[in-house]
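Heads up: the structure comes next, in structure tokens.
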Amino acid sequence: MKLPDPPKRAIRFLEWYCPPSLAEGILGDLYEEFDQDVIENGEQYARRRFTWNVIRFFRPGILLRNNINHNKYTNNMWSNYLKIAGRNLAKRKMYSFINAVGLSVGIAFCMLIFLFIQDEQSFDKFHTNKESIYRVEEKAYDTWDQDPSEPYVYSAWLQAGLRDALLEESPQVEYATRFNDGGEAAIQFNNEVYSEDITFIDQDFFEIFSFESLAGGRDRFLEDKYNVVLPVEIAERIFGDEDPLNKTVTVSIYGENQQMTVSGIIEDAPSNSSLAYGILTSQVNRPFFEENLERWNNFNTPLFIQLNEYSQPEDVQSGFEAIIEKHMGSNLEEQRIEYSIPEDITIFSYDLTNIQDIHLDTKISWTRSSDPTYAYILGGLGLLILLIACINYISLALTSSAGRRAEVGIRKAIGAHRGQLMTQFSIEALLLALISLILACALVSLFLPKFNEFTSKDIIMDGPTILTMVGTGLLVSLLIGLISGSYPSIYLSRLNPTIVLKKLTGQVKAGFTRPLVVLQYALSGMLIICSMIMLRQMDFLATKELGYNEEQVLVIDTDGPISREANRFIEQFRLKVDQYPEIESVGATTLSFNRGWSRNGYIIDGEQRTAYVYGVDE
């Protein structure tokens with residue numbers, strides 16, 4: 001009669017806490033007692049007594065003896081594990097090379113994506129008072145192209161007079177500055193003319209934001225209307241090695257020349273700043289500035305404010321409501337009547353967005369804003385590539401492991417435990433992942449410039465970036481090593497030594513191998529197809545017939561306002577160039593025809609429509 005086996009959980013528990021030198025003898029005695037109990041008292045009684053006897057041996061004397069033995073051999077064991085892992089990788093060079101290259105590409109891609117996401121999250125974090133800096137925005141009920149799911153439109157372009165009104169009527173606002181991109185302006189120094197971007201601001205700009213001032217008195221940068229502050233790059237381009245402070249330059253703003261004094265030098269806007277600026281000068285130099293202060297139906301000026309240390313964004317709302325009622329109340333009431341807007345609907349209000357949230361705010365258009373979906377897409381691609389690399393490692397480890405079955409069988413036959421074998425195979429996977437990390441760091445350094453170009457970033461390999469890159473790569477490498485090495489180590493360590501040593505040839509038939517290969521091919525095919533679709537889309541954008549030959553069209557920015565003088569200038573220019581046979585024709589527009597800024601509303605056949613408006617000649 002074949003007797004039943006003792007409970008396996010109790011056996012595993014004893015092998016876990018008992019030293020191997022004692023476990024064999026103890027288990028021999030327990031097996032004899034178990035067989036005797038089965039014959040005399042039945043299987044259930046025998047199993048309970050066997051478990052109880054295992055628990056009785058769980059005592060300090062045995063535990064301490066096991067711990068001493070463990071500490072005695074731990075260093076030698078780990079050293080041996082590393083030596084064997086290194087020898088196995090060196091012995092199977094092609095296998096190691098293929099896996100290292102595949103893993104390094106996955107790790108490098110993850111490191112680049114992490115740098116991208118970190119850069120996205122770092123926007124505007126460098127300002128000292130970032131927690132109290134806000135951009136003011138309008139929230140207006142859309143009476144034209146209304147979407148039932150979102151009946152409001154949002155914009156960061158506000159009335160020019162809002163700044164002064166807020167400083168007068170909202171004690172919570174400590175500083176406020178308007179911020180207008182004025183396009184390009186001509187700046188002349190020593191008979192040399194440069195075309196540079198110009199930005200119109202208020203003096204509070206230097207109180208709110210932490211852009212470093214390098215020369216001049218920061219608190220007096222724009223105390224005079226005819227002062228300009230230059231970023232370092234522009235100052236070096238114009239003045240070279242000369243000291244630009246207090247130098248006089250001629251600045252042409254929308255066709256009007258003004259003598260201005262350089263009152264300060266400021267650092268260039270960092271790549272992770274939502275505010276990009278050129279030559280900085282006072283708002284009062286903007287065309288029609290004085291007139292716009294009283295035009296509360298004219299929205300053309302972004303506004304940033306800094307709250308005092310005792311105020312929260314919701315505290316400013318009462319001031320907003322008072323300003324709206326004072327300056328816009330009658331116009332809003334007329335709109336309510338004209339468009340039959342119910343009384344419970346707010347037609348117009350102001351909102352605040354913290355400066356740290358501007359970059360990833362897709363609700364409002366801004367120069368340096370970005371859609372967080374891009375980070376999610378890149379993150380998903382990184383995980384897919386990482387998954388393919390892990391599957392590749394597992395597949396190669398299983399399909400090339402026939403030669404290692406003899407090793408597993410012999411080591412088990414001479415007393416190696418399953419846990420020791422799993423540790424050995426896992427260390428090999430981790431060692432290979434760390435080798436891949438070194439290759440991945442080299443790949444990141446090599447492809448970072450192209451990655452910056454592709455993503456419009458300016459990530460540089462400075463000290464913090466290198467630490468972040470290596471830290472991320474190390475974490476990913478350890479994760480890959482554990483994930484990709486787990487299944488091969490579990491499978492190979494389960495092999496029966498008797499069967500393995502009897503049959504040393506043939507393939508390893510792991511049931512999980514085929515699904516892994518199918519999944520790997522499916523993911524690779526999906527990525528290849530997506531890449532081809534994107535490539536064709538980009539090719540379409542680059543080669544689509546636009547209706548004109550862009551190589552033969554020259555756009556000249558006149559920097560002039562829309563006026564009769566501008567029209568006369570265009571006619572004079574047309575007459576002058578008519579004498580050149582190389583010029584076929586001349587046309588003028590109020591704006592370059594591929595950029596729409598001004599949008600008007602119309603009622604056509606009783607329906608409300610909107611369209612961008614361009615003034616053009618024949």
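Letters A, B, ... go to the chains of the structure tokens in the order shown; residues in each chain start at 1; ligands are counted from 1 in the same order.
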Checklist line | Shell of 9 Å around Leu516 of chain A, only C-alpha atoms, local chain residues under 6 positions omitted, as JSON, numbers by chain | finding: {"A": [391, 392, 394, 395]}
Note to self: Taking the DSSP secondary structure from the backbone, can you list the residues of segment 194-397 of chain A that are strand (DSSP E or B), as JSON, numbers by chain?
What the structure shows: {"A": [194, 195, 196, 197, 198, 199, 200, 201, 213, 214, 215, 227, 228, 229, 230, 231, 248, 249, 250, 251, 252, 253, 256, 257, 258, 259, 260, 261, 262, 263, 264, 265, 266, 279, 280, 281, 282, 301, 303, 304, 305, 306, 307, 348, 349, 350, 351, 352, 353, 354]}
Resulting file, chosen residues, C-alpha atoms, as an mmCIF file, in the first residue's frame:
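Generated file (selection.cif):
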data_model
loop_
_atom_site.group_PDB
_atom_site.id
_atom_site.type_symbol
_atom_site.label_atom_id
_atom_site.label_comp_id
_atom_site.auth_asym_id
_atom_site.auth_seq_id
_atom_site.Cartn_x
_atom_site.Cartn_y
_atom_site.Cartn_z
ATOM 1 C CA TYR A 194 19.236 94.581 -36.042
ATOM 2 C CA SER A 195 15.789 93.026 -36.166
ATOM 3 C CA GLU A 196 14.823 91.855 -32.673
ATOM 4 C CA ASP A 197 11.668 90.800 -30.861
ATOM 5 C CA ILE A 198 10.184 93.469 -28.613
ATOM 6 C CA THR A 199 8.010 92.996 -25.523
ATOM 7 C CA PHE A 200 5.929 95.641 -23.743
ATOM 8 C CA ILE A 201 5.667 95.331 -19.943
ATOM 9 C CA SER A 213 19.138 91.061 -13.615
ATOM 10 C CA LEU A 214 22.812 91.267 -14.597
ATOM 11 C CA ALA A 215 23.360 95.027 -14.845
ATOM 12 C CA ASN A 227 14.276 103.034 -21.308
ATOM 13 C CA VAL A 228 14.886 99.549 -22.676
ATOM 14 C CA VAL A 229 16.133 96.401 -20.936
ATOM 15 C CA LEU A 230 18.049 93.901 -23.065
ATOM 16 C CA PRO A 231 18.387 90.137 -22.647
ATOM 17 C CA THR A 248 21.611 105.158 -26.604
ATOM 18 C CA VAL A 249 20.007 103.152 -29.391
ATOM 19 C CA THR A 250 17.373 103.942 -32.007
ATOM 20 C CA VAL A 251 14.354 101.652 -31.824
ATOM 21 C CA SER A 252 11.753 101.570 -34.610
ATOM 22 C CA ILE A 253 8.383 100.550 -33.155
ATOM 23 C CA GLU A 256 8.223 105.251 -35.512
ATOM 24 C CA ASN A 257 11.871 105.844 -34.542
ATOM 25 C CA GLN A 258 12.614 106.605 -30.875
ATOM 26 C CA GLN A 259 15.890 107.287 -29.099
ATOM 27 C CA MET A 260 16.090 104.951 -26.096
ATOM 28 C CA THR A 261 18.583 104.313 -23.324
ATOM 29 C CA VAL A 262 19.689 100.855 -22.221
ATOM 30 C CA SER A 263 18.868 100.859 -18.505
ATOM 31 C CA GLY A 264 19.552 97.208 -17.698
ATOM 32 C CA ILE A 265 20.624 93.733 -18.767
ATOM 33 C CA ILE A 266 18.548 90.683 -17.854
ATOM 34 C CA ILE A 279 13.775 93.790 -25.926
ATOM 35 C CA LEU A 280 11.799 94.924 -22.864
ATOM 36 C CA THR A 281 10.265 98.377 -22.807
ATOM 37 C CA SER A 282 7.364 100.189 -21.192
ATOM 38 C CA THR A 301 -3.360 92.583 -23.367
ATOM 39 C CA LEU A 303 -2.068 90.429 -17.472
ATOM 40 C CA PHE A 304 -0.113 88.806 -14.618
ATOM 41 C CA ILE A 305 -0.621 89.612 -10.949
ATOM 42 C CA GLN A 306 1.025 88.714 -7.663
ATOM 43 C CA LEU A 307 -1.160 88.419 -4.578
ATOM 44 C CA PHE A 348 -18.553 87.502 -18.367
ATOM 45 C CA SER A 349 -16.114 86.862 -15.528
ATOM 46 C CA TYR A 350 -12.405 86.729 -14.749
ATOM 47 C CA ASP A 351 -10.481 83.628 -13.663
ATOM 48 C CA LEU A 352 -6.988 83.106 -12.300
ATOM 49 C CA THR A 353 -4.471 80.396 -13.263
ATOM 50 C CA ASN A 354 -1.300 79.900 -11.257
#
Check: If you count only C-alpha atoms, which residues fall within 6 Å of segment 427-433 of chain A, apart from same-chain ones fewer than 3 positions away, as an MDAnalysis selection string?
Finding: chainID A and resid 85 424 436 477 481 485
Tell me, as a compact mmCIF listing (two decimals) with N, CA, C and O atoms, in the first residue's frame, which residues lie within 8 Å of segment 457-473 of chain A, counting only C-alpha atoms; anything in the same chain fewer than 6 positions away does not count.
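Full text of result_8.txt as output:
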# COMPACT_ATOMS: atom_id res chain seq x y z
N ILE A 107 15.80 51.10 -22.32
CA ILE A 107 16.17 51.95 -21.19
C ILE A 107 16.44 53.38 -21.65
O ILE A 107 16.01 54.36 -21.02
N ALA A 108 17.16 53.52 -22.77
CA ALA A 108 17.47 54.86 -23.29
C ALA A 108 16.20 55.62 -23.63
O ALA A 108 16.07 56.82 -23.34
N CYS A 110 13.23 55.20 -22.33
CA CYS A 110 12.58 55.58 -21.07
C CYS A 110 13.28 56.76 -20.41
O CYS A 110 12.63 57.65 -19.85
N MET A 111 14.60 56.79 -20.48
CA MET A 111 15.34 57.91 -19.89
C MET A 111 15.03 59.22 -20.62
O MET A 111 14.83 60.27 -19.99
N PHE A 114 11.57 60.32 -19.67
CA PHE A 114 11.55 60.89 -18.32
C PHE A 114 12.10 62.32 -18.32
O PHE A 114 11.56 63.20 -17.64
N LEU A 115 13.19 62.55 -19.08
CA LEU A 115 13.73 63.90 -19.17
C LEU A 115 12.71 64.85 -19.80
O LEU A 115 12.60 66.02 -19.38
N PHE A 116 11.97 64.38 -20.80
CA PHE A 116 10.93 65.19 -21.44
C PHE A 116 9.84 65.54 -20.44
O PHE A 116 9.44 66.71 -20.31
N ASP A 119 11.04 67.97 -17.83
CA ASP A 119 11.12 69.33 -18.36
C ASP A 119 9.73 69.95 -18.45
O ASP A 119 9.56 71.14 -18.14
N SER A 271 14.52 78.08 -21.09
CA SER A 271 13.71 77.25 -21.99
C SER A 271 12.46 76.72 -21.30
O SER A 271 11.50 76.37 -21.97
N LEU A 437 22.42 49.48 -19.05
CA LEU A 437 22.31 50.86 -18.57
C LEU A 437 23.48 51.70 -19.06
O LEU A 437 23.31 52.86 -19.46
N ALA A 440 22.87 52.44 -22.55
CA ALA A 440 21.75 53.38 -22.67
C ALA A 440 22.19 54.81 -22.40
O ALA A 440 21.75 55.75 -23.08
N CYS A 441 23.07 55.02 -21.42
CA CYS A 441 23.57 56.38 -21.13
C CYS A 441 24.33 56.94 -22.33
O CYS A 441 24.20 58.12 -22.66
N SER A 445 23.18 60.30 -24.55
CA SER A 445 24.10 61.41 -24.86
C SER A 445 24.22 61.62 -26.36
O SER A 445 24.33 62.75 -26.83
N LEU A 448 20.42 62.88 -27.70
CA LEU A 448 19.73 63.98 -27.04
C LEU A 448 19.56 65.21 -27.94
O LEU A 448 18.49 65.82 -27.95
N PHE A 451 16.75 64.49 -30.21
CA PHE A 451 15.52 64.44 -29.42
C PHE A 451 15.04 65.84 -29.10
O PHE A 451 13.83 66.13 -29.16
Item checked: Those in segment 309-475 of chain A with alpha helix (DSSP H) from DSSP, as a PyMOL selection string -> chain A and resi 317-338+373-399+405-413+418-455+463-475
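Our summary of the geometry notes that atom CA of Thr589 of chain A is positioned 5.4 Å from atom CA of Gly615 of chain A.
Take the candidates A:Val232, A:Met538, A:Thr367, A:Gln356 and check each one against Phe126 of chain A using only C-alpha atoms; the shortest distance goes to A:Gln356.
With only C-alpha atoms as the atoms that count, the minimum distance from Leu387 of chain A to the choices A:Arg87, A:Val105, A:Ile324, A:Arg295 is reached by A:Val105.
Taking atom CA of Gln283 of chain A as the reference point, atom CA of Glu267 of chain A is found at 20.3 Å.
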